[in-house]
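**Student:** What follows is target16.txt, compact mmCIF, C-alpha atoms and all ligand atoms.
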```
# COMPACT_ATOMS: atom_id res chain seq x y z
CA MET C 11 9.07 -29.27 2.54
CA SER C 12 7.95 -25.65 2.84
CA GLU C 13 4.82 -24.54 0.98
CA ARG C 14 5.27 -23.03 -2.46
CA PRO C 15 4.92 -19.20 -2.41
CA ILE C 16 1.67 -17.81 -3.84
CA LEU C 17 3.70 -15.48 -6.10
CA GLU C 18 7.20 -15.91 -7.51
CA VAL C 19 8.70 -13.12 -9.59
CA ASN C 20 11.96 -14.15 -11.25
CA GLY C 21 14.45 -11.76 -12.83
CA LEU C 22 11.86 -9.23 -13.99
CA THR C 23 13.21 -6.58 -16.35
CA LYS C 24 11.26 -3.86 -18.17
CA THR C 25 12.84 -1.40 -20.54
CA PHE C 26 11.29 1.58 -22.34
CA GLY C 27 13.52 2.30 -25.32
CA GLY C 28 16.92 2.97 -23.77
CA LEU C 29 15.60 3.31 -20.20
CA THR C 30 15.62 0.31 -17.86
CA ALA C 31 12.73 0.99 -15.44
CA VAL C 32 13.00 -2.41 -13.71
CA SER C 33 16.20 -4.41 -13.74
CA ASP C 34 16.34 -8.11 -12.87
CA VAL C 35 14.09 -7.92 -9.80
CA SER C 36 13.07 -11.17 -8.08
CA LEU C 37 10.82 -11.64 -5.07
CA THR C 38 8.32 -14.05 -3.54
CA VAL C 39 5.07 -13.51 -1.69
CA ARG C 40 4.49 -16.31 0.80
CA ARG C 41 1.00 -17.58 1.54
CA GLY C 42 -0.75 -15.36 4.08
CA GLU C 43 1.98 -12.75 3.88
CA ILE C 44 1.83 -8.99 3.35
CA LEU C 45 4.85 -8.05 1.25
CA GLY C 46 5.62 -4.39 0.69
CA VAL C 47 7.55 -2.91 -2.24
CA ILE C 48 8.87 0.58 -1.59
CA GLY C 49 11.24 3.00 -3.27
CA PRO C 50 11.63 6.72 -3.90
CA ASN C 51 9.91 8.57 -6.77
CA GLY C 52 10.73 7.07 -10.16
CA ALA C 53 12.27 3.94 -8.60
CA GLY C 54 10.22 1.66 -10.87
CA LYS C 55 7.51 0.53 -8.43
CA THR C 56 4.55 1.25 -10.71
CA THR C 57 6.21 -0.36 -13.71
CA PHE C 58 7.07 -3.43 -11.61
CA PHE C 59 3.48 -3.61 -10.35
CA ASN C 60 1.97 -3.18 -13.83
CA VAL C 61 4.09 -5.95 -15.29
CA ILE C 62 3.11 -8.37 -12.49
CA ALA C 63 -0.57 -7.40 -12.83
CA GLY C 64 -0.59 -8.07 -16.57
CA SER C 65 -0.99 -4.45 -17.72
CA MET C 66 2.22 -4.61 -19.73
CA PRO C 67 4.52 -7.50 -20.75
CA PRO C 68 8.01 -7.73 -19.25
CA THR C 69 11.12 -7.40 -21.41
CA SER C 70 12.36 -10.54 -19.62
CA GLY C 71 11.66 -12.55 -16.49
CA THR C 72 8.70 -14.59 -15.27
CA VAL C 73 5.68 -14.17 -12.99
CA ILE C 74 4.49 -17.43 -11.42
CA TYR C 75 1.18 -17.30 -9.55
CA ASP C 76 0.32 -20.36 -7.47
CA GLY C 77 2.56 -22.52 -9.64
CA ASN C 78 1.14 -21.20 -12.96
CA ASP C 79 3.24 -19.15 -15.34
CA CYS C 80 1.21 -15.93 -15.67
CA THR C 81 3.87 -13.86 -17.39
CA GLY C 82 2.14 -11.31 -19.64
CA MET C 83 -1.30 -12.80 -18.88
CA ARG C 84 -4.26 -10.41 -19.14
CA ALA C 85 -5.66 -9.08 -15.87
CA ASP C 86 -9.13 -10.60 -16.37
CA ARG C 87 -7.64 -14.09 -16.80
CA MET C 88 -5.49 -13.56 -13.72
CA ALA C 89 -8.60 -12.50 -11.78
CA ARG C 90 -10.27 -15.80 -12.67
CA LEU C 91 -7.22 -17.63 -11.29
CA GLY C 92 -7.44 -15.64 -8.03
CA MET C 93 -5.14 -12.63 -8.40
CA THR C 94 -6.73 -9.16 -8.53
CA ARG C 95 -5.37 -5.63 -8.45
CA THR C 96 -6.33 -2.09 -7.54
CA PHE C 97 -5.47 1.01 -9.58
CA GLN C 98 -3.51 4.07 -8.53
CA ILE C 99 -5.77 6.32 -10.56
CA THR C 100 -9.39 5.74 -9.73
CA SER C 101 -11.24 3.52 -12.21
CA LEU C 102 -14.74 3.92 -10.74
CA PHE C 103 -18.02 4.62 -12.55
CA PRO C 104 -18.80 8.04 -11.02
CA SER C 105 -22.56 7.98 -11.63
CA LEU C 106 -23.10 4.50 -10.14
CA SER C 107 -23.55 3.86 -6.42
CA ALA C 108 -20.75 2.29 -4.39
CA PHE C 109 -22.75 -0.95 -4.35
CA ASP C 110 -23.32 -0.95 -8.13
CA ASN C 111 -19.62 -0.27 -8.77
CA VAL C 112 -18.75 -3.43 -6.84
CA ARG C 113 -21.63 -5.38 -8.38
CA ALA C 114 -20.62 -4.38 -11.91
CA ALA C 115 -17.17 -5.84 -11.24
CA THR C 116 -18.52 -9.12 -9.81
CA TYR C 117 -20.87 -9.74 -12.75
CA ARG C 118 -17.89 -10.67 -14.84
CA THR C 119 -17.42 -13.77 -12.73
CA GLY C 120 -21.03 -14.95 -13.23
CA THR C 121 -21.63 -17.91 -15.56
CA ALA C 122 -25.40 -17.96 -16.17
CA GLY C 123 -25.25 -15.72 -19.30
CA TRP C 124 -27.71 -13.16 -20.72
CA PRO C 125 -30.58 -15.50 -21.70
CA ALA C 126 -30.75 -16.60 -18.05
CA ALA C 127 -30.74 -12.93 -16.97
CA LEU C 128 -33.47 -12.07 -19.51
CA PHE C 129 -35.79 -14.83 -18.32
CA ARG C 130 -34.71 -14.51 -14.69
CA THR C 131 -34.21 -18.24 -14.30
CA ALA C 132 -33.70 -19.86 -10.88
CA ARG C 133 -29.99 -20.20 -11.64
CA TRP C 134 -29.77 -16.50 -12.52
CA ARG C 135 -31.60 -15.56 -9.30
CA ARG C 136 -29.20 -17.68 -7.26
CA GLU C 137 -26.20 -16.08 -8.96
CA GLU C 138 -27.72 -12.61 -8.52
CA GLN C 139 -28.17 -13.28 -4.79
CA ALA C 140 -24.56 -14.54 -4.49
CA VAL C 141 -23.27 -11.46 -6.35
CA ARG C 142 -25.22 -9.13 -4.04
CA GLU C 143 -23.93 -10.90 -0.93
CA SER C 144 -20.35 -10.89 -2.11
CA ALA C 145 -20.59 -7.17 -3.02
CA MET C 146 -21.96 -6.28 0.42
CA LYS C 147 -19.30 -8.39 2.13
CA ALA C 148 -16.58 -6.53 0.21
CA LEU C 149 -18.12 -3.17 1.14
CA ARG C 150 -18.29 -4.21 4.82
CA PHE C 151 -14.60 -5.08 4.71
CA VAL C 152 -13.65 -1.55 3.71
CA GLU C 153 -16.25 -0.01 6.04
CA LEU C 154 -18.38 1.32 3.21
CA ASP C 155 -21.51 -0.82 3.76
CA ARG C 156 -23.37 2.18 5.19
CA ARG C 157 -22.41 4.19 2.11
CA ALA C 158 -23.51 1.48 -0.34
CA ASP C 159 -26.18 3.69 -1.97
CA VAL C 160 -24.02 6.79 -2.31
CA LEU C 161 -22.85 7.65 -5.85
CA ALA C 162 -19.13 7.03 -6.30
CA ASP C 163 -18.77 10.66 -7.32
CA ALA C 164 -20.11 11.84 -3.96
CA LEU C 165 -17.70 9.72 -1.89
CA SER C 166 -14.67 11.38 -0.32
CA TYR C 167 -11.29 10.68 -1.90
CA GLY C 168 -10.34 8.23 0.88
CA GLU C 169 -13.67 6.42 0.46
CA GLN C 170 -13.12 6.14 -3.30
CA ARG C 171 -9.75 4.51 -2.67
CA ARG C 172 -11.42 2.04 -0.29
CA LEU C 173 -14.10 1.34 -2.89
CA GLU C 174 -11.32 0.37 -5.32
CA ILE C 175 -10.19 -2.22 -2.77
CA ALA C 176 -13.77 -3.50 -2.36
CA ILE C 177 -14.00 -3.99 -6.14
CA ALA C 178 -10.81 -6.04 -6.14
CA LEU C 179 -12.02 -8.03 -3.11
CA ALA C 180 -15.42 -8.84 -4.62
CA ALA C 181 -13.72 -11.24 -7.05
CA GLU C 182 -12.65 -13.19 -3.92
CA PRO C 183 -8.92 -13.23 -4.72
CA ARG C 184 -6.27 -15.29 -2.98
CA LEU C 185 -3.64 -12.71 -3.88
CA LEU C 186 -4.42 -9.00 -3.82
CA LEU C 187 -2.12 -6.49 -5.51
CA LEU C 188 -2.48 -3.02 -3.99
CA ASP C 189 -1.08 -0.13 -6.02
CA GLU C 190 -0.21 2.80 -3.72
CA PRO C 191 -3.53 2.56 -1.83
CA ALA C 192 -2.49 5.32 0.62
CA ALA C 193 -1.72 7.88 -2.12
CA GLY C 194 -3.44 11.16 -1.26
CA MET C 195 -4.72 9.91 2.11
CA ASN C 196 -4.23 11.87 5.31
CA PRO C 197 -2.50 10.14 8.29
CA GLU C 198 -5.82 9.17 9.88
CA GLU C 199 -7.08 7.55 6.65
CA GLY C 200 -3.69 5.86 6.30
CA GLN C 201 -4.04 4.30 9.76
CA ARG C 202 -7.55 3.10 8.91
CA LEU C 203 -6.17 1.55 5.74
CA VAL C 204 -3.53 -0.33 7.74
CA GLY C 205 -6.31 -1.92 9.86
CA MET C 206 -8.21 -2.92 6.71
CA ILE C 207 -5.22 -4.48 5.02
CA ARG C 208 -4.59 -6.56 8.15
CA ARG C 209 -8.20 -7.74 8.23
CA ILE C 210 -8.05 -8.74 4.56
CA ARG C 211 -4.94 -10.81 5.27
CA ASP C 212 -6.59 -12.38 8.31
CA GLU C 213 -9.26 -13.68 5.91
CA GLY C 214 -6.52 -15.68 4.17
CA VAL C 215 -5.70 -13.29 1.31
CA SER C 216 -1.99 -12.79 0.57
CA ILE C 217 -1.05 -9.21 -0.31
CA LEU C 218 1.55 -7.45 -2.43
CA LEU C 219 1.55 -3.78 -1.48
CA VAL C 220 3.39 -1.23 -3.61
CA GLU C 221 3.47 1.97 -1.62
CA HIS C 222 5.27 5.25 -1.29
CA HIS C 223 4.19 5.98 2.31
CA MET C 224 6.75 4.50 4.70
CA ARG C 225 4.44 4.70 7.70
CA VAL C 226 1.82 2.47 6.04
CA VAL C 227 4.41 -0.01 4.78
CA MET C 228 6.21 -0.26 8.11
CA GLY C 229 2.91 -0.57 9.99
CA VAL C 230 1.46 -3.44 8.03
CA CYS C 231 4.07 -5.47 6.11
CA ASP C 232 5.68 -8.71 7.24
CA ARG C 233 8.55 -8.18 4.82
CA VAL C 234 9.64 -5.31 2.61
CA VAL C 235 11.54 -5.13 -0.69
CA VAL C 236 13.23 -1.84 -1.55
CA ILE C 237 13.76 -0.76 -5.17
CA ASP C 238 15.90 2.13 -6.32
CA HIS C 239 16.57 3.02 -9.96
CA GLY C 240 14.85 -0.22 -10.96
CA VAL C 241 17.18 -2.40 -8.89
CA LYS C 242 16.36 -4.32 -5.69
CA ILE C 243 18.66 -2.87 -3.04
CA ALA C 244 17.29 -4.46 0.15
CA GLU C 245 14.85 -7.06 1.47
CA GLY C 246 13.85 -8.02 5.00
CA THR C 247 11.55 -7.26 7.90
CA PRO C 248 10.50 -3.60 8.27
CA ARG C 249 13.06 -3.25 11.09
CA GLU C 250 15.89 -4.74 9.01
CA VAL C 251 15.04 -2.51 6.07
CA VAL C 252 14.88 0.65 8.18
CA ASP C 253 18.35 -0.13 9.59
CA ASN C 254 19.85 -0.96 6.18
CA PRO C 255 22.55 1.62 5.28
CA ASP C 256 21.69 1.46 1.53
CA VAL C 257 18.05 2.22 2.28
CA ILE C 258 18.95 5.08 4.60
CA ARG C 259 21.19 6.53 1.91
CA VAL C 260 18.49 6.32 -0.76
CA TYR C 261 15.88 7.97 1.42
CA LEU C 262 18.13 10.52 3.11
CA GLY C 263 17.03 14.02 2.26
CA ARG C 264 13.83 12.80 0.61
CA GLU C 265 11.84 11.24 3.47
CA ALA C 266 12.99 10.09 6.92
CA VAL C 267 12.89 6.28 7.06
CA GLY C 268 10.16 5.10 9.41
CA ALA C 269 8.74 8.62 9.77
N1 LIG V 1 5.46 4.14 -20.36
C1 LIG V 1 6.68 4.62 -20.08
N2 LIG V 1 7.50 5.03 -21.07
C2 LIG V 1 8.73 5.49 -20.81
N3 LIG V 1 9.27 5.59 -19.58
C3 LIG V 1 8.49 5.20 -18.55
C4 LIG V 1 7.17 4.70 -18.74
N4 LIG V 1 6.65 4.38 -17.51
C5 LIG V 1 7.60 4.68 -16.60
N5 LIG V 1 8.71 5.16 -17.22
C6 LIG V 1 9.96 5.56 -16.56
O1 LIG V 1 10.38 4.46 -15.78
C7 LIG V 1 10.95 4.90 -14.55
C8 LIG V 1 10.19 4.26 -13.39
O2 LIG V 1 8.89 4.85 -13.30
P1 LIG V 1 7.77 4.30 -12.32
O3 LIG V 1 6.54 5.13 -12.56
O4 LIG V 1 7.65 2.84 -12.47
O5 LIG V 1 8.39 4.66 -10.89
P2 LIG V 1 7.67 4.72 -9.47
O6 LIG V 1 8.62 4.14 -8.50
O7 LIG V 1 6.33 4.11 -9.55
O8 LIG V 1 7.52 6.28 -9.24
P3 LIG V 1 6.38 7.06 -8.36
O9 LIG V 1 6.59 6.69 -6.93
O10 LIG V 1 6.73 8.49 -8.65
O11 LIG V 1 5.04 6.65 -8.91
C9 LIG V 1 10.87 6.43 -14.57
O12 LIG V 1 12.12 6.92 -15.02
C10 LIG V 1 9.79 6.70 -15.57
O13 LIG V 1 9.98 7.98 -16.18
```
Give the structure from the file, written as structure tokens.
**Tutor:**
Amino acid sequence: MSERPILEVNGLTKTFGGLTAVSDVSLTVRRGEILGVIGPNGAGKTTFFNVIAGSMPPTSGTVIYDGNDCTGMRADRMARLGMTRTFQITSLFPSLSAFDNVRAATYRTGTAGWPAALFRTARWRREEQAVRESAMKALRFVELDRRADVLADALSYGEQRRLEIAIALAAEPRLLLLDEPAAGMNPEEGQRLVGMIRRIRDEGVSILLVEHHMRVVMGVCDRVVVIDHGVKIAEGTPREVVDNPDVIRVYLGREAVGA
């Protein structure tokens, strides 16, 4: 019997008043897979992502993570189960260093509590050491370890986007949800991002990547789902999707497929 997918989204629908932003979309992310979700502007990608990530409840449908029904579950609970997300709009603390931004996120997973921190017990020191190591590991992954002491505010835009990924990685997820990580990046930064996403997967993390940039999606994804007007119109390998007449039609005149 084949292994159960790490994520199963079944018949997801989200309406805003009279507008159906996502209509009956289903997909699976297999273990160790990078699955891309693409679509033109306003297709419903962000809404779809936010519903899966627990930022808003669906109108109908279910989200099953590793066999658990996580539909409508809050993001912090999902993180404890092993599913973390990044944000399209930066959510960093600008006056903290890159390292402290990651460390602040990992503290939430600590269990020793404030009395232990106050008295600096052995358990607290062990946890503190583990938190520091895990934060540095996450920064190394996104090639920001040498910028660990730089204030988030002073990082370049591309570096800030990578720091977002480090924050999500520091919780040691088994499924990482990436929300348009290449937005605003130049082609060189986009290529660097592709290498990073591959390395994260090679560590055993499955990835759902919602992205507008075709080049990034085609370069890194094992399979791709295409959404248009809230409806899934195609699914397959990057090659299959690029050759799909419906996909070509949707993108024609907006962005050359595979460009
Ligand atoms: N909170 C909201 N209230 C009402 N309508 C919304 C809301 N969020 C999104 N929409 C609408 O839902 C549709 C899908 O939007 P969404 O942002 O999910 O698309 P997208 O594919 O992420 O677009 P982009 O690539 O431009 O970010 C759009 O018509 C949008 O105007």
**Student:** Name all residues at most 7 Å from Gly82 in chain C (count only C-alpha atoms; drop same-chain ones fewer than 4 positions away) and give them as a list in words.
**Tutor:** Gly64, Met66, Pro67 and Pro68 of chain C
**Student:** For the residues in the current selection, export C-alpha atoms as an mmCIF file, in the coordinates of the input.
**Tutor:**
```cif
data_model
loop_
_atom_site.group_PDB
_atom_site.id
_atom_site.type_symbol
_atom_site.label_atom_id
_atom_site.label_comp_id
_atom_site.auth_asym_id
_atom_site.auth_seq_id
_atom_site.Cartn_x
_atom_site.Cartn_y
_atom_site.Cartn_z
ATOM 1 C CA GLY C 64 -0.590 -8.070 -16.570
ATOM 2 C CA MET C 66 2.220 -4.610 -19.730
ATOM 3 C CA PRO C 67 4.520 -7.500 -20.750
ATOM 4 C CA PRO C 68 8.010 -7.730 -19.250
#
```
**Student:** Could you state the separation of CA of Thr96 in chain C and CA of Leu173 in chain C in Å, given to one decimal place?
**Tutor:**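 These atoms are spaced 9.7 Å apart.
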**Student:** Could you list, as a list in words, every residue within 9 Å of Asp34 in chain C, counting only C-alpha atoms and ignoring same-chain residues fewer than 3 positions away?
**Tutor:**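 Listing them by chain and then by number gives Asn20, Gly21, Leu22, Thr23, Lys24, Ser70, Gly71, Gly240, Val241 and Lys242 of chain C.
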**Student:** Given the choices C:Phe26, C:Tyr75, C:Tyr167, C:Tyr261, which gets closest to ligand LIG 1 (chain V) if the distance is worked out from all atoms listed in the file?
**Tutor:**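 Closest to ligand LIG 1 (chain V) of all the choices is C:Phe26.
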**Student:** Considering all atoms listed in the file, can you say which of C:Val35, C:Val141, C:Ala176, C:Val47 comes closest to Val227 in chain C?
**Tutor:**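 Going through C:Val35, C:Val141, C:Ala176, C:Val47 one by one, the smallest distance to Val227 in chain C is for C:Val47.
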**Student:** Counting only C-alpha atoms and all ligand atoms, give me one row per residue of chain C with an atom at most 9 Å from an atom of ligand LIG 1 (chain V), showing the shortest contact pair and its distance in Å to one decimal, sorted by chain then residue number, as a tab-separated table.
**Tutor:**
```
residue	atom	partner	partner_atom	distance
C:Lys24	CA	V:LIG1	O1	8.7
C:Thr25	CA	V:LIG1	N3	7.9
C:Phe26	CA	V:LIG1	C2	4.9
C:Gly27	CA	V:LIG1	C2	7.3
C:Leu29	CA	V:LIG1	N3	6.8
C:Thr30	CA	V:LIG1	O1	7.0
C:Ala31	CA	V:LIG1	O1	4.2
C:Val32	CA	V:LIG1	C8	7.2
C:Ile48	CA	V:LIG1	O6	7.8
C:Gly49	CA	V:LIG1	O6	6.0
C:Pro50	CA	V:LIG1	O9	5.9
C:Asn51	CA	V:LIG1	O10	3.7
C:Gly52	CA	V:LIG1	O8	3.4
C:Ala53	CA	V:LIG1	O6	3.7
C:Gly54	CA	V:LIG1	O4	3.2
C:Lys55	CA	V:LIG1	O6	3.8
C:Thr56	CA	V:LIG1	O7	3.6
C:Thr57	CA	V:LIG1	O4	3.7
C:Phe58	CA	V:LIG1	O4	6.4
C:Phe59	CA	V:LIG1	O4	8.0
C:Asn60	CA	V:LIG1	O4	8.4
C:Gln98	CA	V:LIG1	O11	8.9
C:Glu190	CA	V:LIG1	O11	8.3
C:Val220	CA	V:LIG1	O7	8.5
C:Glu221	CA	V:LIG1	O9	7.8
C:His222	CA	V:LIG1	O9	6.0
C:Ile237	CA	V:LIG1	O6	7.8
C:Asp238	CA	V:LIG1	O6	7.9
C:His239	CA	V:LIG1	C8	7.3
C:Gly240	CA	V:LIG1	C8	6.9
```
**Student:** Can I get the selection written as an mmCIF file, in the coordinates of the input, with C-alpha atoms?
**Tutor:**
```cif
data_model
loop_
_atom_site.group_PDB
_atom_site.id
_atom_site.type_symbol
_atom_site.label_atom_id
_atom_site.label_comp_id
_atom_site.auth_asym_id
_atom_site.auth_seq_id
_atom_site.Cartn_x
_atom_site.Cartn_y
_atom_site.Cartn_z
ATOM 1 C CA LYS C 24 11.260 -3.860 -18.170
ATOM 2 C CA THR C 25 12.840 -1.400 -20.540
ATOM 3 C CA PHE C 26 11.290 1.580 -22.340
ATOM 4 C CA GLY C 27 13.520 2.300 -25.320
ATOM 5 C CA LEU C 29 15.600 3.310 -20.200
ATOM 6 C CA THR C 30 15.620 0.310 -17.860
ATOM 7 C CA ALA C 31 12.730 0.990 -15.440
ATOM 8 C CA VAL C 32 13.000 -2.410 -13.710
ATOM 9 C CA ILE C 48 8.870 0.580 -1.590
ATOM 10 C CA GLY C 49 11.240 3.000 -3.270
ATOM 11 C CA PRO C 50 11.630 6.720 -3.900
ATOM 12 C CA ASN C 51 9.910 8.570 -6.770
ATOM 13 C CA GLY C 52 10.730 7.070 -10.160
ATOM 14 C CA ALA C 53 12.270 3.940 -8.600
ATOM 15 C CA GLY C 54 10.220 1.660 -10.870
ATOM 16 C CA LYS C 55 7.510 0.530 -8.430
ATOM 17 C CA THR C 56 4.550 1.250 -10.710
ATOM 18 C CA THR C 57 6.210 -0.360 -13.710
ATOM 19 C CA PHE C 58 7.070 -3.430 -11.610
ATOM 20 C CA PHE C 59 3.480 -3.610 -10.350
ATOM 21 C CA ASN C 60 1.970 -3.180 -13.830
ATOM 22 C CA GLN C 98 -3.510 4.070 -8.530
ATOM 23 C CA GLU C 190 -0.210 2.800 -3.720
ATOM 24 C CA VAL C 220 3.390 -1.230 -3.610
ATOM 25 C CA GLU C 221 3.470 1.970 -1.620
ATOM 26 C CA HIS C 222 5.270 5.250 -1.290
ATOM 27 C CA ILE C 237 13.760 -0.760 -5.170
ATOM 28 C CA ASP C 238 15.900 2.130 -6.320
ATOM 29 C CA HIS C 239 16.570 3.020 -9.960
ATOM 30 C CA GLY C 240 14.850 -0.220 -10.960
#
```
**Student:** Write out as a PyMOL selection string each polymer residue whose atoms come within 7 Å of Val19 in chain C, counting only C-alpha atoms; drop sequence neighbours fewer than 3 positions from it.
**Tutor:** chain C and resi 22+36-38+72-74
**Student:** Of the residues C:Arg184, C:Val230, C:Val112, C:Pro255, which is the one nearest to Gln201 in chain C, using all atoms listed in the file?
**Tutor:** C:Val230
**Student:** Please, what distance in Å, to one decimal, runs between CA of Ala192 in chain C and CA of Arg142 in chain C?
**Tutor:**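 According to the coordinates, CA of Ala192 in chain C and CA of Arg142 in chain C are separated by 27.3 Å.
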**Student:** Just give me the gap between CA of Arg14 in chain C and CA of Arg233 in chain C in Å, one decimal is fine.
**Tutor:** 16.9 Å
**Student:** Adding 5 Å on each side of the box along x, y and z that holds all listed atoms of range 155-171 of chain C, could you give its centre and edge lengths in Å to one decimal, as lines of an AutoDock Vina configuration file?
**Tutor:**
```
center_x = -18.0
center_y = 5.5
center_z = -1.1
size_x = 26.4
size_y = 22.7
size_z = 22.5
```
**Student:** For Ser33 in chain C, which residue among C:Leu106, C:Ile243, C:Arg133, C:Val257 is the nearest when counting all atoms listed in the file?
**Tutor:**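 Smallest separation from Ser33 in chain C among the options: C:Ile243.
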**Student:** Given the point (15.7, -5.7, -0.6) in the file's coordinates, find the residues that have an atom at most 8 Å from it, counting all atoms listed in the file, and give them as a list of chain:residue names.
**Tutor:**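 Counting all atoms listed in the file, I find these residues within 8 Å of (15.7, -5.7, -0.6): C:Val234, C:Val235, C:Val236, C:Ile237, C:Lys242, C:Ile243, C:Ala244, C:Glu245, C:Gly246, C:Val251.
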**Student:** Name the closest residue to Pro191 in chain C among the candidates C:Thr69, C:Cys80, C:Gly46, C:Ala108; distances are taken between atoms, counting all atoms listed in the file.
**Tutor:** C:Gly46
**Student:** Do a neighbour search on range 150-164 of chain C at 6 Å with only C-alpha atoms, toss out local chain neighbours closer than 4 positions, and write the hits as a list in words.
**Tutor:**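 What passes the distance filter is Pro104, Ser105, Leu106, Ser107, Ala108, Phe109 and Arg172 of chain C.
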**Student:** Which residue is closest to Leu203 in chain C? Choose from C:Arg95, C:Arg41, C:Arg225, C:Arg87 and count all atoms listed in the file.
**Tutor:**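 Distance minimum relative to Leu203 in chain C lands on C:Arg225.
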**Student:** How would you write as a PyMOL selection string the residues that get within 10 Å of (-10.9, -8.1, -12.5) in the file's frame, counting all atoms listed in the file?
**Tutor:** chain C and resi 84-90+92-96+115-116+118-119+177-181+183
